[in-house]
Amino acid sequence: MKMALKIVGVVVGCIILLLLVLRVTGFEPRECPTAGISVMCRLPGLWLRGNTAAAPPEWSFTDQYQTVKVQTRDRLMLPYSVTTYCVAYNGQLYLTSVYAPGLPKYPHGRHWNENVARDPRVRIKIGDQLFDRTLIYVTDPDERAAVIHTKAKKYPKQIIAPGSYINVFHAVSTD
């Protein structure tokens, strides 16, 4: 019995030590010019590091960034961060997630989408700045279409297969 408790104690201690090391290092997703091109760009990370900033009055400055990083929380409340696309539309910030034909629809199919469905509070990294926001899944067809159209202008080289579904999230204040 004592031996089992020692083993459990060592395992728990190692897990805590590992989480502390990862917290210090951040272990962010890779910096990629375009999200999802290579396998290495699709690997998730943990905590995002940077300077926390107040939300700007409008988000058009994001037009100069091809991708942003978004940190969600998984079921165990551990951070889960990925690289994705962003769009500024009418001065507001939107994130998108493309589901290829045949994939399940929102929120299933992408781990970070499932996390947002469960807990919409996220941290978004744009450049070196961190913004705490809440992601709202956009269901209004006109708003979705306008954001997708704006995205097509920003990313003219992105190829989206016919029959794909684009999830659109509006990043709003956490207040």
# chains A, B, ... in the order shown; residues from 1 in each chain; ligands from 1
$ residues_around --residues "Val68 (chain A)" --least-positions-apart "6" --cutoff "7 Å" --atoms "only C-alpha atoms" --output "MDAnalysis selection string"
chainID A and resid 83:86 124:126
$ residues_around --residues "region 149-166 of chain A" --least-positions-apart "3" --cutoff "8 Å" --atoms "only C-alpha atoms" --output "list in words"
Asp63, Cys86, Val87, Ala88, Tyr89, Thr96, Ser97, Val98, Tyr99, Ala100, Pro101, Lys105, Ala145 and Ala146 of chain A
$ atom_distance --atom1 "CA of Ser60 (chain A)" --atom2 "CA of Gly91 (chain A)"
6.0 Å
$ decode --residues "region 62-77 of chain A" --atoms "N, CA, C and O atoms" --output "compact mmCIF listing (two decimals), in the first residue's frame"
# COMPACT_ATOMS: atom_id res chain seq x y z
N THR A 62 -5.75 44.23 -37.85
CA THR A 62 -5.50 42.79 -38.03
C THR A 62 -5.36 42.42 -39.51
O THR A 62 -4.92 41.31 -39.81
N ASP A 63 -5.70 43.34 -40.41
CA ASP A 63 -5.55 43.06 -41.84
C ASP A 63 -4.09 42.78 -42.21
O ASP A 63 -3.82 42.11 -43.19
N GLN A 64 -3.16 43.29 -41.40
CA GLN A 64 -1.74 43.07 -41.68
C GLN A 64 -1.24 41.71 -41.19
O GLN A 64 -0.11 41.34 -41.46
N TYR A 65 -2.07 40.97 -40.48
CA TYR A 65 -1.69 39.66 -39.96
C TYR A 65 -2.41 38.57 -40.75
O TYR A 65 -3.63 38.61 -40.89
N GLN A 66 -1.65 37.59 -41.21
CA GLN A 66 -2.26 36.48 -41.94
C GLN A 66 -2.96 35.50 -41.00
O GLN A 66 -3.98 34.93 -41.34
N THR A 67 -2.35 35.27 -39.84
CA THR A 67 -2.94 34.35 -38.88
C THR A 67 -2.83 34.92 -37.48
O THR A 67 -2.04 35.83 -37.21
N VAL A 68 -3.67 34.39 -36.60
CA VAL A 68 -3.62 34.72 -35.18
C VAL A 68 -3.62 33.40 -34.42
O VAL A 68 -3.88 32.35 -34.99
N LYS A 69 -3.33 33.48 -33.14
CA LYS A 69 -3.39 32.29 -32.30
C LYS A 69 -4.55 32.48 -31.32
O LYS A 69 -4.78 33.58 -30.84
N VAL A 70 -5.26 31.41 -31.08
CA VAL A 70 -6.38 31.46 -30.14
C VAL A 70 -6.18 30.35 -29.10
O VAL A 70 -5.86 29.22 -29.44
N GLN A 71 -6.33 30.75 -27.85
CA GLN A 71 -6.18 29.81 -26.73
C GLN A 71 -7.54 29.57 -26.11
O GLN A 71 -8.24 30.49 -25.70
N THR A 72 -7.94 28.29 -26.07
CA THR A 72 -9.19 27.88 -25.45
C THR A 72 -8.85 27.05 -24.22
O THR A 72 -7.68 26.89 -23.89
N ARG A 73 -9.88 26.51 -23.58
CA ARG A 73 -9.68 25.61 -22.43
C ARG A 73 -10.34 24.27 -22.74
O ARG A 73 -11.48 24.24 -23.18
N ASP A 74 -9.60 23.18 -22.47
CA ASP A 74 -10.19 21.88 -22.71
C ASP A 74 -11.04 21.46 -21.51
O ASP A 74 -11.22 22.22 -20.56
N ARG A 75 -11.54 20.25 -21.54
CA ARG A 75 -12.42 19.77 -20.46
C ARG A 75 -11.75 19.77 -19.09
O ARG A 75 -12.42 19.88 -18.08
N LEU A 76 -10.43 19.63 -19.07
CA LEU A 76 -9.69 19.63 -17.81
C LEU A 76 -9.22 21.03 -17.42
O LEU A 76 -8.42 21.18 -16.51
N MET A 77 -9.69 22.04 -18.16
CA MET A 77 -9.34 23.44 -17.95
C MET A 77 -7.88 23.74 -18.31
O MET A 77 -7.34 24.77 -17.93
